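So the structure is just underneath, and the comments pick up after that.
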Amino acid sequence: MTLLAAVTLLALVIWCGLILFHGRYWQAGPSLPPVAAGVTSPSVDIVVPARDEAPSIAAAIGSLTRQNLRDVRVILVDDGSADGTAAIAAEAAIGAPHPLTIITAAPKPPGWSGKLWAVSQGIAASTADLVLLTDADIAHEPDHLARLVAKAEAEDLDLVSEMVLLHCESWAEHALVPAFVYFFQLLYPFAQVADPTSRMAGAAGGTVLIRRRALDRIGGIAALRGALIDDVALGRAVKRSGGRIWLGHTSRARSIRRYPKFRDIWDMIARTAYVQLGFSPVKLLGTVLGMLLVWLLPPAAAIFAHGLARWFGLGAWMLMAASFLPSLRRYTLTPLWALFLPLIALFYMAATVGSALNHARGRSVMWKNRVYVENGAEL
């Protein structure tokens with residue numbers, strides 16, 4: 001057996017391991033079932049941090065103030081918006097069954113990320129035992145909150161989180177958005193996240209329902225104040241403190257934020273990709289080498305190699321493509337996109353390297369006209 005065949009066989013073995021033993025990450029579910037009408041539930045406060053979200057805030061607040069539970073209050077924390085976000089939100093809540101409270105965020109202290117500072121003020125103003133943390137660019141179906149609460153109550157969970165449907169209409173979004181969800185599941189297999197015996201933990205920031213007891217146990221949002229990937233940090237903190245968490249998919253909430261161009265998605269990935277690697281050049285090198293082996297070698301061998309190397313490469317490529325099909329079906333896209341997953345992975349790898357280069361230039365993370373360094377401090 002040649003060296004190329006041996007290395008390609010290694011890639012095939014890795015793919016077999018991922019498919020069979022990595023928490024069924026490739027599955028389309030789980031998702032929460034409907035809730036019977038008239039079921040009683042505890043009160044819920046919804047905290048929405050917002051900074052210059054005029055294009056999406058009306059849809060988000062309008063949907064949240066019209067959830068079909070009885071005791072719901074929506075708290076919008078306006079974090080220095082200059083585009084009329086608060087006024088638009090107030091208008092969207094007129095006539096809704098649930099009240100909207102608008103808080104103007106205080107100046108951000110050193111060491112805090114802007115979003116978490118806003119979230120902490122919203123939680124401080126809340127009184128309910130259950131708190132939904134959601135973003136200002138997500139619209140929720142009227143029964144969405146009821147499904148989340150029913151899951152938390154039925155299993156006494158400390159945190160219930162869902163990956164919402166991302167906007168996927170442009171050609172760039174078709175090419176790259178389903179893969180974003182796929183790679184998220186690969187990093188945080190949902191079955192392992194929900195398994196109390198597994199150390200794997202995470203959450204999807206668009207929809208996080210959390211109990212106050214869990215927040216108290218981890219020391220509140222202040223314990224995460226410098227986190228730049230705040231949803232995953234919150235999930236980890238809750239699980240490490242002994243809490244039970246659950247992570248799944250939902251079609252009952254969708255992101256309004258658009259990424260019409262490849263550059264838009266590049267910027268979204270590069271914003272936190274190097275953060276995910278702990279700002280470590282060693283991890284970056286390992287990630288690049290690993291992606292070359294697992295994602296790019298199989299199709300290259302299948303197309304250009306001969307003998308065993310070609311067959312091993314073809315087998316790994318087909319497993320890779322098959323694992324991507326549930327994500328494509330979720331966004332009702334043609335299965336042909338699965339064959340291009342290696343090129344999509346190359347784009348994500350390049351954006352990760354770009355994230356590291358941004359860090360080297362002193363612009364580690366930039367969001368909403370704020371530039372952050374490793375500890376969440378603003379430059």
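Following the order of the structure tokens, chains are lettered A, B, ..., residues in each are numbered from 1, and ligands are numbered from 1.
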According to DSSP computed on the backbone, where in stretch 57-272 of chain A is there strand (DSSP E or B)? Give the residues as a ChimeraX atom specification. /A:72-78,100-104,130-134,138-140,159-165,207-211,245-255
Would you mind listing what lies within 7 Å of stretch 171-177 of chain A as a ChimeraX atom specification, with only C-alpha atoms counted and same-chain residues fewer than 3 positions away left out? /A:168,180-181,259-262,344
I'd like a table as a Markdown table: residues in stretch 296-356 of chain A with an atom no more than 10 Å from stretch 9-16 of chain A, each row giving the shortest atom pair and its distance in Å to one decimal, only C-alpha atoms counted, sorted by chain and rising residue number.
| residue | atom | partner | partner_atom | distance |
| --- | --- | --- | --- | --- |
| A:Leu296 | CA | A:Ala11 | CA | 9.7 |
| A:Leu297 | CA | A:Ala11 | CA | 7.7 |
| A:Pro298 | CA | A:Ala11 | CA | 7.0 |
| A:Leu308 | CA | A:Leu9 | CA | 8.5 |
| A:Ala309 | CA | A:Leu9 | CA | 7.3 |
| A:Arg310 | CA | A:Leu9 | CA | 9.8 |
| A:Trp311 | CA | A:Leu9 | CA | 9.1 |
| A:Phe312 | CA | A:Leu9 | CA | 5.5 |
| A:Gly313 | CA | A:Leu12 | CA | 7.0 |
| A:Leu314 | CA | A:Leu12 | CA | 8.8 |
| A:Gly315 | CA | A:Leu12 | CA | 6.7 |
| A:Ala316 | CA | A:Leu12 | CA | 4.6 |
| A:Trp317 | CA | A:Leu12 | CA | 8.3 |
| A:Met318 | CA | A:Trp15 | CA | 9.7 |
| A:Leu319 | CA | A:Trp15 | CA | 6.7 |
| A:Met320 | CA | A:Trp15 | CA | 7.0 |
| A:Ser323 | CA | A:Trp15 | CA | 9.5 |
Mind writing the picked residues with C-alpha atoms as a PDB file, in the first residue's frame?
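The result, written out as selection-v7.pdb:
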ATOM      1  CA  LEU A 296      -9.966  17.938   0.887  1.00  0.00           C
ATOM      2  CA  LEU A 297      -7.838  14.809   0.493  1.00  0.00           C
ATOM      3  CA  PRO A 298     -10.773  12.422  -0.189  1.00  0.00           C
ATOM      4  CA  LEU A 308      -6.681   1.925  -3.527  1.00  0.00           C
ATOM      5  CA  ALA A 309      -6.152   5.638  -2.889  1.00  0.00           C
ATOM      6  CA  ARG A 310      -8.900   6.475  -5.377  1.00  0.00           C
ATOM      7  CA  TRP A 311     -11.372   4.001  -3.854  1.00  0.00           C
ATOM      8  CA  PHE A 312     -10.615   5.064  -0.288  1.00  0.00           C
ATOM      9  CA  GLY A 313     -10.994   8.700  -1.302  1.00  0.00           C
ATOM     10  CA  LEU A 314     -14.264   8.026  -3.090  1.00  0.00           C
ATOM     11  CA  GLY A 315     -15.650   6.175  -0.091  1.00  0.00           C
ATOM     12  CA  ALA A 316     -14.748   9.005   2.300  1.00  0.00           C
ATOM     13  CA  TRP A 317     -16.190  11.591  -0.082  1.00  0.00           C
ATOM     14  CA  MET A 318     -19.487   9.711  -0.343  1.00  0.00           C
ATOM     15  CA  LEU A 319     -19.756   9.377   3.444  1.00  0.00           C
ATOM     16  CA  MET A 320     -19.043  13.087   3.766  1.00  0.00           C
ATOM     17  CA  SER A 323     -23.765  13.172   6.178  1.00  0.00           C
TER      18      SER A 323
END
Would you mind listing, for every residue of stretch 93-182 of chain A within 6 Å of stretch 203-213 of chain A, the two atoms forming the shortest contact and the distance between them in Å to one decimal, using only C-alpha atoms, sorted by chain and ascending residue number, as CSV?
residue,atom,partner,partner_atom,distance
A:Asp129,CA,A:Arg212,CA,5.2
A:Leu130,CA,A:Arg211,CA,4.7
A:Val131,CA,A:Ile210,CA,5.4
A:Leu132,CA,A:Leu209,CA,4.3
A:Leu133,CA,A:Val208,CA,5.1
A:Thr134,CA,A:Gly206,CA,4.9
A:Asp135,CA,A:Gly206,CA,5.4
A:Asp158,CA,A:Arg211,CA,5.3
A:Leu159,CA,A:Ile210,CA,4.4
A:Val160,CA,A:Leu209,CA,5.1
A:Ser161,CA,A:Val208,CA,4.4
A:Glu162,CA,A:Thr207,CA,5.5
A:Met163,CA,A:Ala204,CA,5.3
Mind the document's chain letters and residue numbers, and return as a PyMOL selection string the residues of stretch 120-339 of chain A that DSSP labels helix (DSSP H, G or I). chain A and resi 120-125+144-155+171-187+190-194+212-218+221-224+230-240+262-276+281-304+307-330+335-339
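Ranking A:Val48, A:Val288, A:Leu234, A:Leu69 by their shortest atom-to-atom distance to A:Gln121, with only C-alpha atoms included, puts A:Val48 first.
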Excluding stretch 182-199 of chain A and any residue of its chain fewer than 5 positions from it, enumerate the residues within 10 Å of it, using only C-alpha atoms, and give them as number ranges by chain. A: 18, 22-30, 157, 159-160, 162-163, 176-177, 204, 232, 235-236, 239-240, 242-249, 323-328, 345, 348
Store the residues picked out above in a file with C-alpha atoms, as a PDB file, in the first residue's frame.
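Written file, selection-v7.pdb:
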ATOM      1  CA  LEU A  18     -17.670  10.423  12.731  1.00  0.00           C
ATOM      2  CA  HIS A  22     -19.901  11.128  17.077  1.00  0.00           C
ATOM      3  CA  GLY A  23     -23.309  11.681  18.610  1.00  0.00           C
ATOM      4  CA  ARG A  24     -25.282  11.315  15.351  1.00  0.00           C
ATOM      5  CA  TYR A  25     -24.313  14.923  14.659  1.00  0.00           C
ATOM      6  CA  TRP A  26     -25.481  14.669  11.059  1.00  0.00           C
ATOM      7  CA  GLN A  27     -29.144  14.031  11.904  1.00  0.00           C
ATOM      8  CA  ALA A  28     -31.781  16.656  11.122  1.00  0.00           C
ATOM      9  CA  GLY A  29     -33.295  16.546  14.627  1.00  0.00           C
ATOM     10  CA  PRO A  30     -34.210  16.613  17.367  1.00  0.00           C
ATOM     11  CA  LEU A 157     -34.111  20.990  32.477  1.00  0.00           C
ATOM     12  CA  LEU A 159     -31.391  25.097  29.842  1.00  0.00           C
ATOM     13  CA  VAL A 160     -33.258  24.408  26.604  1.00  0.00           C
ATOM     14  CA  GLU A 162     -32.569  25.520  19.716  1.00  0.00           C
ATOM     15  CA  MET A 163     -30.812  26.293  16.458  1.00  0.00           C
ATOM     16  CA  LEU A 176     -22.770  28.215   2.873  1.00  0.00           C
ATOM     17  CA  VAL A 177     -25.621  28.547   5.411  1.00  0.00           C
ATOM     18  CA  ALA A 204     -27.447  28.162  20.164  1.00  0.00           C
ATOM     19  CA  VAL A 232     -21.552  28.053  24.077  1.00  0.00           C
ATOM     20  CA  GLY A 235     -24.175  26.068  27.994  1.00  0.00           C
ATOM     21  CA  ARG A 236     -20.813  24.906  29.298  1.00  0.00           C
ATOM     22  CA  LYS A 239     -23.616  21.834  32.519  1.00  0.00           C
ATOM     23  CA  ARG A 240     -20.369  22.048  34.494  1.00  0.00           C
ATOM     24  CA  GLY A 242     -24.439  20.166  37.438  1.00  0.00           C
ATOM     25  CA  GLY A 243     -27.331  21.460  35.338  1.00  0.00           C
ATOM     26  CA  ARG A 244     -29.161  19.454  32.703  1.00  0.00           C
ATOM     27  CA  ILE A 245     -29.289  20.979  29.230  1.00  0.00           C
ATOM     28  CA  TRP A 246     -30.837  20.190  25.855  1.00  0.00           C
ATOM     29  CA  LEU A 247     -30.032  21.405  22.351  1.00  0.00           C
ATOM     30  CA  GLY A 248     -32.033  20.833  19.188  1.00  0.00           C
ATOM     31  CA  HIS A 249     -33.441  22.305  15.992  1.00  0.00           C
ATOM     32  CA  SER A 323     -23.765  13.172   6.178  1.00  0.00           C
ATOM     33  CA  PHE A 324     -24.619  16.583   4.709  1.00  0.00           C
ATOM     34  CA  LEU A 325     -27.938  15.536   3.158  1.00  0.00           C
ATOM     35  CA  PRO A 326     -30.133  16.053   6.271  1.00  0.00           C
ATOM     36  CA  SER A 327     -28.869  19.646   6.566  1.00  0.00           C
ATOM     37  CA  LEU A 328     -29.678  20.288   2.914  1.00  0.00           C
ATOM     38  CA  ALA A 345     -15.175  23.388   3.946  1.00  0.00           C
ATOM     39  CA  TYR A 348     -14.673  27.936   6.077  1.00  0.00           C
TER      40      TYR A 348
END
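Candidate residues A:Leu343, A:Ala237, A:Ala201, A:Leu166 were compared for distance to A:Ile218, and the nearest is A:Ala237, using only C-alpha atoms.
Residues with any atom within 8 Å of A:Ala146, counting only C-alpha atoms and excluding same-chain neighbours fewer than 2 positions away, are A:Val35, A:Gln67, A:Asn68, A:Leu69, A:Asp143, A:His144, A:Leu148, A:Val149, A:Ala150.
Among A:Pro178, A:Arg254, A:Arg329, A:Arg70, the residue with the shortest atom-to-atom distance to A:Ala37, counting only C-alpha atoms, is A:Arg70.
You will find atom CA of A:Ile221 at 8.5 Å from atom CA of A:Ile123.
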Compile the contact shell of stretch 96-98 of chain A as a count of residues only: residues with an atom at most 6 Å away, counting only C-alpha atoms, same-chain residues fewer than 5 positions apart removed. 4
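Atom CA of A:Ile269 is positioned 7.0 Å from atom CA of A:Thr352.
From atom CA of A:Ala124 back to atom CA of A:Gly219, the distance works out to 12.8 Å.
Ranking A:Ile94, A:Asp83, A:His359, A:Thr40 by their shortest atom-to-atom distance to A:Ile61, with only C-alpha atoms included, puts A:Ile94 first.
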Find, counting only C-alpha atoms, the residue in A:Ala223, A:Ile265, A:Ala253, A:Ala87 that gets nearest to A:Leu64. A:Ala253
